[in-house]
>>> print(open('upload34.cif').read())   # mmCIF, C-alpha atoms
data_start
loop_
_atom_site.label_atom_id
_atom_site.label_comp_id
_atom_site.auth_asym_id
_atom_site.auth_seq_id
_atom_site.Cartn_x
_atom_site.Cartn_y
_atom_site.Cartn_z
CA MET A 1 4.55 24.00 12.41
CA ASP A 2 2.54 22.26 15.15
CA ARG A 3 0.07 21.09 12.56
CA MET A 4 2.82 19.62 10.39
CA LYS A 5 4.36 17.97 13.46
CA GLN A 6 1.08 16.18 14.19
CA GLN A 7 0.81 15.09 10.56
CA ILE A 8 4.34 13.70 10.59
CA ALA A 9 3.72 11.90 13.89
CA PHE A 10 0.76 10.16 12.23
CA ILE A 11 2.87 9.28 9.15
CA GLU A 12 5.59 7.82 11.38
CA CYS A 13 2.98 5.84 13.30
CA LEU A 14 1.68 4.39 9.99
CA ASP A 15 4.99 2.60 9.57
CA ARG A 16 3.93 0.15 12.28
CA LEU A 17 1.22 -1.28 10.02
CA LYS A 18 4.04 -2.96 8.07
CA LEU A 19 4.62 -5.12 11.15
CA VAL A 20 1.02 -6.32 11.57
CA LEU A 21 0.74 -9.83 10.14
CA ARG A 22 -2.44 -11.21 8.63
CA GLN A 23 -3.33 -14.89 8.53
CA ASN A 24 -3.05 -15.27 4.77
CA LEU A 25 0.13 -15.76 2.82
CA VAL A 26 1.73 -13.82 -0.02
CA MET A 27 1.32 -15.74 -3.25
CA ASP A 28 4.76 -17.36 -3.31
CA GLU A 29 3.88 -18.78 0.16
CA SER A 30 7.21 -17.57 1.60
CA ARG A 31 5.59 -15.68 4.48
CA ARG A 32 2.39 -14.15 5.88
CA GLU A 33 1.11 -10.95 4.33
CA ASN A 34 1.25 -7.75 6.35
CA THR A 35 -1.57 -5.24 6.56
CA ALA A 36 0.30 -2.37 4.87
CA GLU A 37 0.97 -4.34 1.68
CA HIS A 38 -2.57 -5.79 1.81
CA SER A 39 -3.90 -2.21 1.89
CA TRP A 40 -1.80 -1.27 -1.12
CA HIS A 41 -2.99 -4.34 -2.99
CA ILE A 42 -6.69 -3.66 -2.54
CA ALA A 43 -6.38 0.07 -3.26
CA SER A 44 -4.70 -0.91 -6.54
CA MET A 45 -7.47 -3.45 -7.15
CA ALA A 46 -10.00 -0.64 -6.77
CA MET A 47 -8.31 1.15 -9.69
CA VAL A 48 -8.36 -1.98 -11.86
CA LEU A 49 -11.91 -3.07 -11.01
CA ALA A 50 -13.56 0.38 -10.78
CA GLU A 51 -16.02 -0.45 -13.58
CA TYR A 52 -17.70 -3.11 -11.40
CA ALA A 53 -18.61 -0.68 -8.59
CA PRO A 54 -22.26 0.21 -7.97
CA SER A 55 -23.34 3.41 -9.72
CA PRO A 56 -22.63 6.13 -8.67
CA THR A 57 -19.38 5.52 -6.77
CA ASP A 58 -16.81 8.21 -5.95
CA GLN A 59 -13.63 6.26 -6.76
CA SER A 60 -11.41 8.76 -5.02
CA ARG A 61 -13.24 8.14 -1.74
CA VAL A 62 -12.91 4.39 -2.28
CA LEU A 63 -9.13 4.75 -2.57
CA LYS A 64 -8.89 6.84 0.59
CA MET A 65 -11.12 4.43 2.48
CA LEU A 66 -9.03 1.42 1.42
CA LEU A 67 -5.75 3.11 2.32
CA LEU A 68 -7.10 3.75 5.82
CA HIS A 69 -9.49 0.83 6.40
CA ASP A 70 -7.07 -1.20 8.51
CA VAL A 71 -4.78 1.39 10.14
CA ILE A 72 -6.52 0.79 13.47
CA GLU A 73 -4.72 -2.60 13.45
CA ILE A 74 -1.59 -0.67 14.46
CA GLU A 75 -3.13 -0.67 17.94
CA ALA A 76 -5.78 -3.39 17.74
CA GLY A 77 -3.88 -6.05 15.78
CA ASP A 78 -5.39 -8.19 13.03
CA THR A 79 -8.34 -10.36 14.06
CA PHE A 80 -8.75 -13.50 11.93
CA CYS A 81 -12.26 -13.52 10.47
CA PHE A 82 -12.98 -17.09 11.61
CA ASP A 83 -11.68 -16.52 15.16
CA VAL A 84 -14.95 -16.62 17.16
CA GLU A 85 -13.37 -15.61 20.46
CA GLY A 86 -11.29 -12.75 19.02
CA ASN A 87 -14.28 -11.34 17.19
CA LYS A 88 -16.32 -10.93 20.39
CA ASP A 89 -14.53 -7.75 21.48
CA LYS A 90 -13.16 -6.77 18.05
CA LEU A 91 -15.42 -3.76 17.60
CA ALA A 92 -14.67 -2.28 21.02
CA ARG A 93 -10.92 -2.83 20.60
CA GLU A 94 -10.92 -1.28 17.15
CA ARG A 95 -12.92 1.76 18.25
CA ARG A 96 -10.44 2.44 21.03
CA ALA A 97 -7.62 2.01 18.52
CA ALA A 98 -9.29 4.43 16.08
CA GLU A 99 -9.35 7.07 18.79
CA GLN A 100 -5.66 6.57 19.48
CA VAL A 101 -4.43 6.43 15.88
CA PHE A 102 -6.61 9.13 14.31
CA GLY A 103 -6.12 11.20 17.48
CA LEU A 104 -2.52 11.84 16.42
CA LEU A 105 -3.71 14.01 13.52
CA PRO A 106 -4.76 17.68 13.59
CA PRO A 107 -8.43 17.61 14.73
CA ASP A 108 -9.98 18.40 11.32
CA GLN A 109 -8.08 15.56 9.63
CA GLY A 110 -8.66 13.23 12.56
CA VAL A 111 -12.41 13.70 12.11
CA GLU A 112 -12.21 13.30 8.32
CA PHE A 113 -10.15 10.09 8.44
CA ARG A 114 -12.17 8.63 11.28
CA SER A 115 -15.37 9.20 9.35
CA LEU A 116 -13.92 7.34 6.34
CA TRP A 117 -13.13 4.42 8.65
CA ASP A 118 -16.61 4.53 10.19
CA GLU A 119 -18.12 4.59 6.70
CA PHE A 120 -16.12 1.51 5.68
CA GLU A 121 -17.15 -0.34 8.83
CA ALA A 122 -20.84 0.56 8.43
CA GLY A 123 -20.77 -0.65 4.81
CA GLU A 124 -23.84 1.32 3.80
CA THR A 125 -22.68 3.70 1.06
CA ASN A 126 -21.79 2.53 -2.47
CA GLU A 127 -18.16 3.41 -1.77
CA ALA A 128 -18.08 1.34 1.42
CA ARG A 129 -19.89 -1.60 -0.15
CA PHE A 130 -17.45 -1.68 -3.06
CA ALA A 131 -14.47 -1.32 -0.71
CA ASN A 132 -15.71 -4.19 1.46
CA ALA A 133 -16.26 -6.34 -1.63
CA LEU A 134 -12.62 -5.83 -2.65
CA ASP A 135 -11.41 -6.59 0.86
CA ARG A 136 -13.07 -10.01 0.61
CA PHE A 137 -12.09 -10.62 -3.02
CA GLN A 138 -8.40 -10.05 -2.27
CA VAL A 139 -8.43 -12.81 0.36
CA LEU A 140 -10.11 -15.15 -2.12
CA LEU A 141 -7.32 -14.50 -4.64
CA GLN A 142 -4.62 -14.97 -1.99
CA ASN A 143 -6.12 -18.25 -0.78
CA PHE A 144 -6.80 -19.57 -4.26
CA ASN A 145 -3.19 -18.86 -5.24
CA THR A 146 -1.67 -20.41 -2.10
CA ARG A 147 -3.17 -23.91 -2.34
CA GLY A 148 -6.19 -22.95 -0.24
CA GLY A 149 -4.25 -20.78 2.20
CA THR A 150 -6.21 -20.11 5.39
CA TRP A 151 -9.14 -22.27 4.21
CA ARG A 152 -6.86 -25.30 4.20
CA ILE A 153 -4.77 -24.39 7.24
CA HIS A 154 -7.84 -23.75 9.40
CA ASN A 155 -10.03 -26.44 7.81
CA ILE A 156 -12.76 -23.97 6.81
CA ASP A 157 -15.68 -25.35 4.78
CA ARG A 158 -17.21 -23.89 1.64
CA ALA A 159 -20.44 -22.76 3.31
CA ARG A 160 -18.49 -20.55 5.74
CA VAL A 161 -16.40 -19.11 2.89
CA VAL A 162 -19.52 -18.35 0.84
CA ALA A 163 -21.06 -16.53 3.81
CA ARG A 164 -17.84 -14.56 4.21
CA MET A 165 -17.80 -13.65 0.50
CA LEU A 166 -21.41 -12.37 0.33
CA PRO A 167 -20.37 -8.67 0.49
CA ILE A 168 -18.91 -9.21 -3.00
CA LYS A 169 -22.36 -10.17 -4.29
CA GLU A 170 -23.69 -6.94 -2.87
CA GLY A 171 -20.83 -4.50 -3.53
CA ALA A 172 -19.51 -5.75 -6.87
CA PRO A 173 -22.14 -8.18 -8.24
CA ALA A 174 -20.36 -8.56 -11.60
CA LEU A 175 -17.51 -10.30 -9.77
CA TRP A 176 -19.79 -12.90 -8.18
CA PRO A 177 -19.74 -15.48 -11.02
CA GLN A 178 -15.95 -15.34 -10.82
CA VAL A 179 -16.11 -15.98 -7.06
CA VAL A 180 -18.32 -19.04 -7.58
CA LYS A 181 -15.95 -20.29 -10.29
CA TYR A 182 -12.96 -19.98 -7.93
CA LEU A 183 -14.81 -21.82 -5.16
CA ASP A 184 -15.87 -24.60 -7.54
CA GLU A 185 -12.29 -25.03 -8.71
CA ALA A 186 -10.96 -24.89 -5.15
CA CYS A 187 -13.38 -27.63 -4.07
CA ALA A 188 -12.59 -29.76 -7.13
CA ALA A 189 -8.86 -29.43 -6.41
CA GLY A 190 -9.30 -30.28 -2.72
CA LEU A 191 -8.19 -26.82 -1.52
CA LEU A 192 -11.54 -26.21 0.13
CA ARG A 193 -13.85 -28.83 1.59
CA GLU A 194 -17.61 -29.20 1.27
CA LEU A 195 -19.58 -29.93 4.44
CA THR A 196 -20.34 -33.62 4.96
CA PRO A 197 -24.10 -34.40 5.03
CA GLU A 198 -23.74 -35.06 8.80
CA GLU A 199 -22.14 -31.69 9.43
CA GLU A 200 -24.75 -30.01 7.31
CA GLN A 201 -27.50 -31.59 9.39
CA ALA A 202 -25.75 -30.75 12.65
CA SER A 203 -25.30 -27.13 11.62
CA GLY A 204 -29.02 -26.83 10.87
CA ARG A 205 -28.39 -25.60 7.32
CA MET B 1 -15.07 -12.51 -19.16
CA ASP B 2 -11.79 -12.17 -21.08
CA ARG B 3 -11.50 -8.60 -19.90
CA MET B 4 -11.98 -9.61 -16.28
CA LYS B 5 -9.45 -12.41 -16.72
CA GLN B 6 -6.82 -9.90 -17.87
CA GLN B 7 -7.63 -7.63 -14.94
CA ILE B 8 -7.28 -10.49 -12.46
CA ALA B 9 -4.00 -11.60 -14.07
CA PHE B 10 -2.67 -8.08 -13.45
CA ILE B 11 -3.92 -8.12 -9.84
CA GLU B 12 -2.24 -11.48 -9.23
CA CYS B 13 0.98 -10.15 -10.75
CA LEU B 14 0.86 -7.16 -8.37
CA ASP B 15 1.39 -9.55 -5.46
CA ARG B 16 5.03 -9.92 -6.52
CA LEU B 17 5.73 -6.29 -5.56
CA LYS B 18 5.53 -7.47 -1.93
CA LEU B 19 8.73 -9.43 -2.57
CA VAL B 20 10.78 -6.55 -4.00
CA LEU B 21 13.07 -5.25 -1.27
CA ARG B 22 14.21 -1.65 -1.06
CA GLN B 23 17.47 -0.55 0.55
CA ASN B 24 15.87 1.30 3.46
CA LEU B 25 14.58 -0.30 6.62
CA VAL B 26 11.19 -0.28 8.30
CA MET B 27 11.29 1.98 11.35
CA ASP B 28 11.81 -0.72 13.96
CA GLU B 29 14.92 -1.75 11.94
CA SER B 30 13.85 -5.40 11.94
CA ARG B 31 14.06 -5.76 8.14
CA ARG B 32 14.21 -3.97 4.79
CA GLU B 33 11.07 -2.32 3.48
CA ASN B 34 9.35 -3.82 0.45
CA THR B 35 8.00 -1.77 -2.44
CA ALA B 36 4.33 -2.67 -1.90
CA GLU B 37 4.25 -1.34 1.66
CA HIS B 38 6.35 1.68 0.61
CA SER B 39 3.70 2.46 -2.02
CA TRP B 40 0.94 2.23 0.56
CA HIS B 41 2.88 4.49 2.91
CA ILE B 42 3.37 7.30 0.40
CA ALA B 43 -0.18 7.10 -0.96
CA SER B 44 -1.36 7.54 2.64
CA MET B 45 1.10 10.41 3.05
CA ALA B 46 -0.49 12.10 0.04
CA MET B 47 -3.81 12.10 1.91
CA VAL B 48 -2.25 13.57 5.04
CA LEU B 49 -0.09 16.19 3.31
CA ALA B 50 -2.48 17.15 0.49
CA GLU B 51 -2.60 20.79 1.63
CA TYR B 52 1.10 21.25 0.74
CA ALA B 53 0.66 20.30 -2.93
CA PRO B 54 1.06 22.95 -5.64
CA SER B 55 -2.23 24.51 -6.69
CA PRO B 56 -4.16 23.13 -8.53
CA THR B 57 -3.47 19.44 -7.90
CA ASP B 58 -5.91 16.61 -8.63
CA GLN B 59 -5.42 14.54 -5.47
CA SER B 60 -7.18 11.53 -6.91
CA ARG B 61 -4.61 11.35 -9.71
CA VAL B 62 -1.81 11.70 -7.17
CA LEU B 63 -3.14 8.65 -5.29
CA LYS B 64 -3.38 6.56 -8.46
CA MET B 65 0.09 7.63 -9.55
CA LEU B 66 1.61 6.70 -6.20
CA LEU B 67 -0.13 3.32 -6.09
CA LEU B 68 1.38 2.51 -9.50
CA HIS B 69 4.66 4.45 -9.50
CA ASP B 70 6.85 1.46 -8.65
CA VAL B 71 4.95 -1.56 -10.03
CA ILE B 72 7.48 -1.85 -12.85
CA GLU B 73 9.90 -3.05 -10.11
CA ILE B 74 8.06 -6.38 -10.31
CA GLU B 75 10.13 -6.98 -13.45
CA ALA B 76 12.93 -4.41 -13.16
CA GLY B 77 13.75 -4.74 -9.43
CA ASP B 78 14.53 -1.81 -7.14
CA THR B 79 17.54 0.31 -8.15
CA PHE B 80 19.21 2.06 -5.20
CA CYS B 81 19.31 5.80 -5.91
CA PHE B 82 23.04 6.09 -5.13
CA ASP B 83 24.01 3.04 -7.23
CA VAL B 84 25.83 4.71 -10.15
CA GLU B 85 26.23 1.50 -12.18
CA GLY B 86 22.65 0.29 -11.71
CA ASN B 87 21.27 3.69 -12.70
CA LYS B 88 22.99 3.64 -16.08
CA ASP B 89 20.45 1.28 -17.67
CA LYS B 90 17.62 1.90 -15.17
CA LEU B 91 15.38 3.78 -17.59
CA ALA B 92 15.68 1.18 -20.36
CA ARG B 93 15.07 -1.70 -17.92
CA GLU B 94 12.07 0.05 -16.40
CA ARG B 95 10.52 0.86 -19.77
CA ARG B 96 10.74 -2.78 -20.82
CA ALA B 97 9.21 -3.75 -17.48
CA ALA B 98 6.38 -1.24 -17.95
CA GLU B 99 5.49 -2.88 -21.25
CA GLN B 100 5.41 -6.30 -19.64
CA VAL B 101 3.48 -5.38 -16.50
CA PHE B 102 0.93 -2.93 -17.95
CA GLY B 103 0.65 -5.21 -20.98
CA LEU B 104 -1.24 -7.72 -18.82
CA LEU B 105 -4.22 -5.35 -18.61
CA PRO B 106 -7.01 -4.82 -21.16
CA PRO B 107 -5.54 -2.34 -23.69
CA ASP B 108 -7.53 0.74 -22.56
CA GLN B 109 -6.42 0.27 -18.95
CA GLY B 110 -2.89 -0.62 -19.97
CA VAL B 111 -2.63 2.73 -21.77
CA GLU B 112 -4.22 4.64 -18.87
CA PHE B 113 -1.95 3.11 -16.20
CA ARG B 114 1.16 3.40 -18.35
CA SER B 115 0.47 7.09 -18.91
CA LEU B 116 0.20 7.64 -15.14
CA TRP B 117 3.60 5.98 -14.75
CA ASP B 118 5.08 8.06 -17.59
CA GLU B 119 3.66 11.20 -15.98
CA PHE B 120 5.28 10.35 -12.64
CA GLU B 121 8.61 9.66 -14.33
CA ALA B 122 8.52 12.90 -16.35
CA GLY B 123 7.73 14.89 -13.18
CA GLU B 124 6.30 17.84 -15.06
CA THR B 125 2.69 18.15 -13.89
CA ASN B 126 1.73 19.41 -10.43
CA GLU B 127 0.49 15.90 -9.59
CA ALA B 128 3.78 14.28 -10.61
CA ARG B 129 5.89 16.90 -8.85
CA PHE B 130 3.95 16.43 -5.62
CA ALA B 131 4.12 12.63 -5.94
CA ASN B 132 7.87 12.75 -6.49
CA ALA B 133 8.29 15.05 -3.48
CA LEU B 134 6.50 12.50 -1.27
CA ASP B 135 8.60 9.66 -2.66
CA ARG B 136 11.73 11.48 -1.47
CA PHE B 137 10.22 12.67 1.81
CA GLN B 138 9.25 9.12 2.81
CA VAL B 139 12.87 7.96 2.49
CA LEU B 140 14.00 10.90 4.62
CA LEU B 141 11.56 9.87 7.36
CA GLN B 142 12.63 6.21 7.14
CA ASN B 143 16.33 7.09 7.33
CA PHE B 144 15.89 9.64 10.09
CA ASN B 145 13.97 7.09 12.15
CA THR B 146 16.45 4.26 11.60
CA ARG B 147 19.62 5.93 12.91
CA GLY B 148 20.56 7.25 9.47
CA GLY B 149 19.49 4.12 7.60
CA THR B 150 20.95 4.00 4.08
CA TRP B 151 22.86 7.27 4.60
CA ARG B 152 24.85 5.63 7.36
CA ILE B 153 25.11 2.16 5.81
CA HIS B 154 26.36 3.53 2.47
CA ASN B 155 28.32 6.43 3.93
CA ILE B 156 26.40 9.06 1.94
CA ASP B 157 27.24 12.71 2.64
CA ARG B 158 24.81 15.56 3.25
CA ALA B 159 25.44 17.26 -0.11
CA ARG B 160 24.34 14.15 -1.99
CA VAL B 161 21.26 13.81 0.21
CA VAL B 162 20.33 17.47 -0.32
CA ALA B 163 20.63 17.01 -4.09
CA ARG B 164 18.42 13.93 -3.85
CA MET B 165 15.82 15.81 -1.78
CA LEU B 166 15.50 18.82 -4.13
CA PRO B 167 12.24 17.55 -5.71
CA ILE B 168 10.63 18.26 -2.32
CA LYS B 169 11.60 21.92 -2.61
CA GLU B 170 9.89 22.01 -5.98
CA GLY B 171 6.87 19.74 -5.44
CA ALA B 172 5.96 20.55 -1.82
CA PRO B 173 7.91 23.69 -0.88
CA ALA B 174 6.18 24.05 2.49
CA LEU B 175 7.88 20.82 3.59
CA TRP B 176 11.38 22.09 2.77
CA PRO B 177 12.12 23.80 6.12
CA GLN B 178 11.22 20.50 7.79
CA VAL B 179 13.65 18.65 5.48
CA VAL B 180 16.47 21.04 6.40
CA LYS B 181 15.63 20.62 10.08
CA TYR B 182 15.83 16.82 9.78
CA LEU B 183 19.17 17.02 7.96
CA ASP B 184 20.57 19.45 10.57
CA GLU B 185 19.52 17.09 13.35
CA ALA B 186 20.85 14.05 11.50
CA CYS B 187 24.25 15.73 11.06
CA ALA B 188 24.33 16.89 14.67
CA ALA B 189 23.55 13.35 15.86
CA GLY B 190 26.18 11.81 13.58
CA LEU B 191 23.61 9.94 11.45
CA LEU B 192 24.70 11.81 8.33
CA ARG B 193 28.15 13.18 7.59
CA GLU B 194 29.16 16.55 6.14
CA LEU B 195 31.79 16.55 3.39
CA THR B 196 35.33 17.19 4.62
CA PRO B 197 36.89 20.36 3.13
CA GLU B 198 39.21 18.10 1.07
CA GLU B 199 36.30 16.12 -0.36
CA GLU B 200 34.47 19.32 -1.10
CA GLN B 201 37.44 20.65 -3.02
CA ALA B 202 37.93 17.36 -4.85
CA SER B 203 34.27 17.23 -5.86
CA GLY B 204 34.52 20.73 -7.35
CA ARG B 205 31.64 22.04 -5.26
#
>>> encode(input="upload34.cif", output="structure tokens")
Amino acid sequence: MDRMKQQIAFIECLDRLKLVLRQNLVMDESRRENTAEHSWHIASMAMVLAEYAPSPTDQSRVLKMLLLHDVIEIEAGDTFCFDVEGNKDKLARERRAAEQVFGLLPPDQGVEFRSLWDEFEAGETNEARFANALDRFQVLLQNFNTRGGTWRIHNIDRARVVARMLPIKEGAPALWPQVVKYLDEACAAGLLRELTPEEEQASGR
Amino acid sequence: MDRMKQQIAFIECLDRLKLVLRQNLVMDESRRENTAEHSWHIASMAMVLAEYAPSPTDQSRVLKMLLLHDVIEIEAGDTFCFDVEGNKDKLARERRAAEQVFGLLPPDQGVEFRSLWDEFEAGETNEARFANALDRFQVLLQNFNTRGGTWRIHNIDRARVVARMLPIKEGAPALWPQVVKYLDEACAAGLLRELTPEEEQASGR
């Protein structure tokens, strides 16, 4: 019964992920997306887009990884990808959070779930590369469908978005032409800006 | 490219599940839960509680089933389980919705996803029975952690809740003693009411 108690404590703790707000909006633009529904969305995307994963990929491990990939935000909060300051101590904060959150589970499950999270973060296996690709692709879809979303709100330029999207090229290369198409359309529609020649020179690119 | 377009149309449609509100609350009681985050919660529960599934159970199919089990609510809306009127045409509404939502996908995937939904609804395989058990158990946890939640708000009595929870006894019997314990505690704390002897007589139980 102690084992089940620990499992239920973890399940009750998971509820708090519904309260963690991400920067991007849901597609009707009525509010920001939370991390629990984001996690559901990309796990479902993994089912739909499974055929574009590198070969071989264990799709069951991809689903588990995506369900868990952000639960550390219960303690660490969501860090916006273009927030330079917040990203400085992100890894340390998230590792401490992982110990707290996965530490609620019976030890064998704590180790198993933590290792799925570590695998996602390292991004080295086919499963982790595909999962990371979907994590980026979902944001692209959200932003494209919310008049530029965080790109527009935070005045992000195309070069930074392309750099952010590169894991898609690696983890689900068949999706890459679609990514480029979305970015072209976003630029043409004024939802995403190109660097000015001056900025390009200043940035050394 | 047409195939990928259909897949992305389905993924974009999924976003609308974040806007479908359920009756029960998130655990801090700040708002009602939506169906997307509910789906994430129970898929994660399936990972944690896998050892209590009937044997044999294909856990990967359980995860897929739980990710998809409520997507028809995008078109059909959420029907409260104790809403007698709304439940009269629930099945017909949900079947029409299934055709619309899964019909967005390439035909082979539409058939595959629809059959997972049908399997969940029929509740006859080990996977579907376990998935249904978790769907009920999650509501129990939400209500228990929100001072009785929908039991209290809608003045539901213990006998109706027990009847509603029976799929747990069948699909994850090891969890049943925990269910009874929660209901005992909820009654003792006044979060859930017992039938009066008069009501019991009137109901013919």
>>> resolve_selection(input="upload34.cif", expression="the PyMOL selection byres ((chain A) within 7 of (chain B))", output="PDB file with C-alpha atoms, in the frame of the given file")
ATOM      1  CA  GLN A   7       0.810  15.090  10.560  1.00  0.00           C
ATOM      2  CA  ILE A  11       2.870   9.280   9.150  1.00  0.00           C
ATOM      3  CA  ASP A  15       4.990   2.600   9.570  1.00  0.00           C
ATOM      4  CA  LYS A  18       4.040  -2.960   8.070  1.00  0.00           C
ATOM      5  CA  VAL A  26       1.730 -13.820  -0.020  1.00  0.00           C
ATOM      6  CA  MET A  27       1.320 -15.740  -3.250  1.00  0.00           C
ATOM      7  CA  ALA A  36       0.300  -2.370   4.870  1.00  0.00           C
ATOM      8  CA  GLU A  37       0.970  -4.340   1.680  1.00  0.00           C
ATOM      9  CA  SER A  39      -3.900  -2.210   1.890  1.00  0.00           C
ATOM     10  CA  TRP A  40      -1.800  -1.270  -1.120  1.00  0.00           C
ATOM     11  CA  SER A  44      -4.700  -0.910  -6.540  1.00  0.00           C
ATOM     12  CA  MET A  45      -7.470  -3.450  -7.150  1.00  0.00           C
ATOM     13  CA  VAL A  48      -8.360  -1.980 -11.860  1.00  0.00           C
ATOM     14  CA  SER A  60     -11.410   8.760  -5.020  1.00  0.00           C
ATOM     15  CA  LEU A  67      -5.750   3.110   2.320  1.00  0.00           C
TER      16      LEU A  67
END
>>> resolve_selection(input="upload34.cif", expression="the PyMOL selection byres ((chain A and resi 161) around 10)", output="PyMOL selection string")
chain A and resi 82+136+140+151+156-160+162-166+183+192
>>> atom_distance(input="upload34.cif", atom1="CA of Gly77 (chain A)", atom2="CA of Ala50 (chain B)")
27.8 Å
>>> residues_around(input="upload34.cif", residues="region 122-124 of chain A", least_positions_apart="3", cutoff="12 Å", atoms="only C-alpha atoms", output="short mmCIF file (atom, residue, chain, number, x, y, z; two decimals) with C-alpha atoms, in the coordinates of the input")
data_model
loop_
_atom_site.label_atom_id
_atom_site.label_comp_id
_atom_site.auth_asym_id
_atom_site.auth_seq_id
_atom_site.Cartn_x
_atom_site.Cartn_y
_atom_site.Cartn_z
CA PRO A 54 -22.26 0.21 -7.97
CA VAL A 62 -12.91 4.39 -2.28
CA MET A 65 -11.12 4.43 2.48
CA HIS A 69 -9.49 0.83 6.40
CA LEU A 91 -15.42 -3.76 17.60
CA SER A 115 -15.37 9.20 9.35
CA LEU A 116 -13.92 7.34 6.34
CA TRP A 117 -13.13 4.42 8.65
CA ASP A 118 -16.61 4.53 10.19
CA GLU A 119 -18.12 4.59 6.70
CA GLU A 127 -18.16 3.41 -1.77
CA ALA A 128 -18.08 1.34 1.42
CA ARG A 129 -19.89 -1.60 -0.15
CA PHE A 130 -17.45 -1.68 -3.06
CA ALA A 131 -14.47 -1.32 -0.71
CA ASN A 132 -15.71 -4.19 1.46
CA ALA A 133 -16.26 -6.34 -1.63
CA ASP A 135 -11.41 -6.59 0.86
CA PRO A 167 -20.37 -8.67 0.49
CA ILE A 168 -18.91 -9.21 -3.00
CA GLU A 170 -23.69 -6.94 -2.87
CA GLY A 171 -20.83 -4.50 -3.53
#
>>> axis_aligned_box(input="upload34.cif", around="region 137-155 of chain A", padding_each_side="8 Å", output="lines of an AutoDock Vina configuration file")
center_x = -6.9
center_y = -18.2
center_z = 2.1
size_x = 26.4
size_y = 32.4
size_z = 30.6
>>> atom_distance(input="upload34.cif", atom1="CA of Ala97 (chain A)", atom2="CA of Gly149 (chain B)")
29.3 Å
>>> atom_distance(input="upload34.cif", atom1="CA of Arg95 (chain A)", atom2="CA of Glu51 (chain B)")
27.3 Å
>>> closest_residue(input="upload34.cif", among="A:Glu73, A:Asp108, A:Glu185, A:Ala172", to="Leu134 (chain A)", atoms="all atoms listed in the file")
A:Ala172
>>> closest_residue(input="upload34.cif", among="A:Ile72, A:Leu104, A:Val84, A:Ile153", to="Glu121 (chain A)", atoms="only C-alpha atoms")
A:Ile72
>>> residues_around(input="upload34.cif", residues="Ala186 (chain B)", least_positions_apart="5", cutoff="9 Å", atoms="all atoms listed in the file", output="PDB file with C-alpha atoms, keeping the file's coordinate frame")
ATOM      1  CA  PHE B 144      15.890   9.640  10.090  1.00  0.00           C
ATOM      2  CA  ARG B 147      19.620   5.930  12.910  1.00  0.00           C
ATOM      3  CA  GLY B 148      20.560   7.250   9.470  1.00  0.00           C
ATOM      4  CA  LYS B 181      15.630  20.620  10.080  1.00  0.00           C
ATOM      5  CA  LEU B 191      23.610   9.940  11.450  1.00  0.00           C
ATOM      6  CA  LEU B 192      24.700  11.810   8.330  1.00  0.00           C
ATOM      7  CA  ARG B 193      28.150  13.180   7.590  1.00  0.00           C
TER       8      ARG B 193
END
>>> closest_residue(input="upload34.cif", among="B:Lys88, B:Ala189, B:Glu199, B:Asn143", to="Glu29 (chain B)", atoms="all atoms listed in the file")
B:Asn143
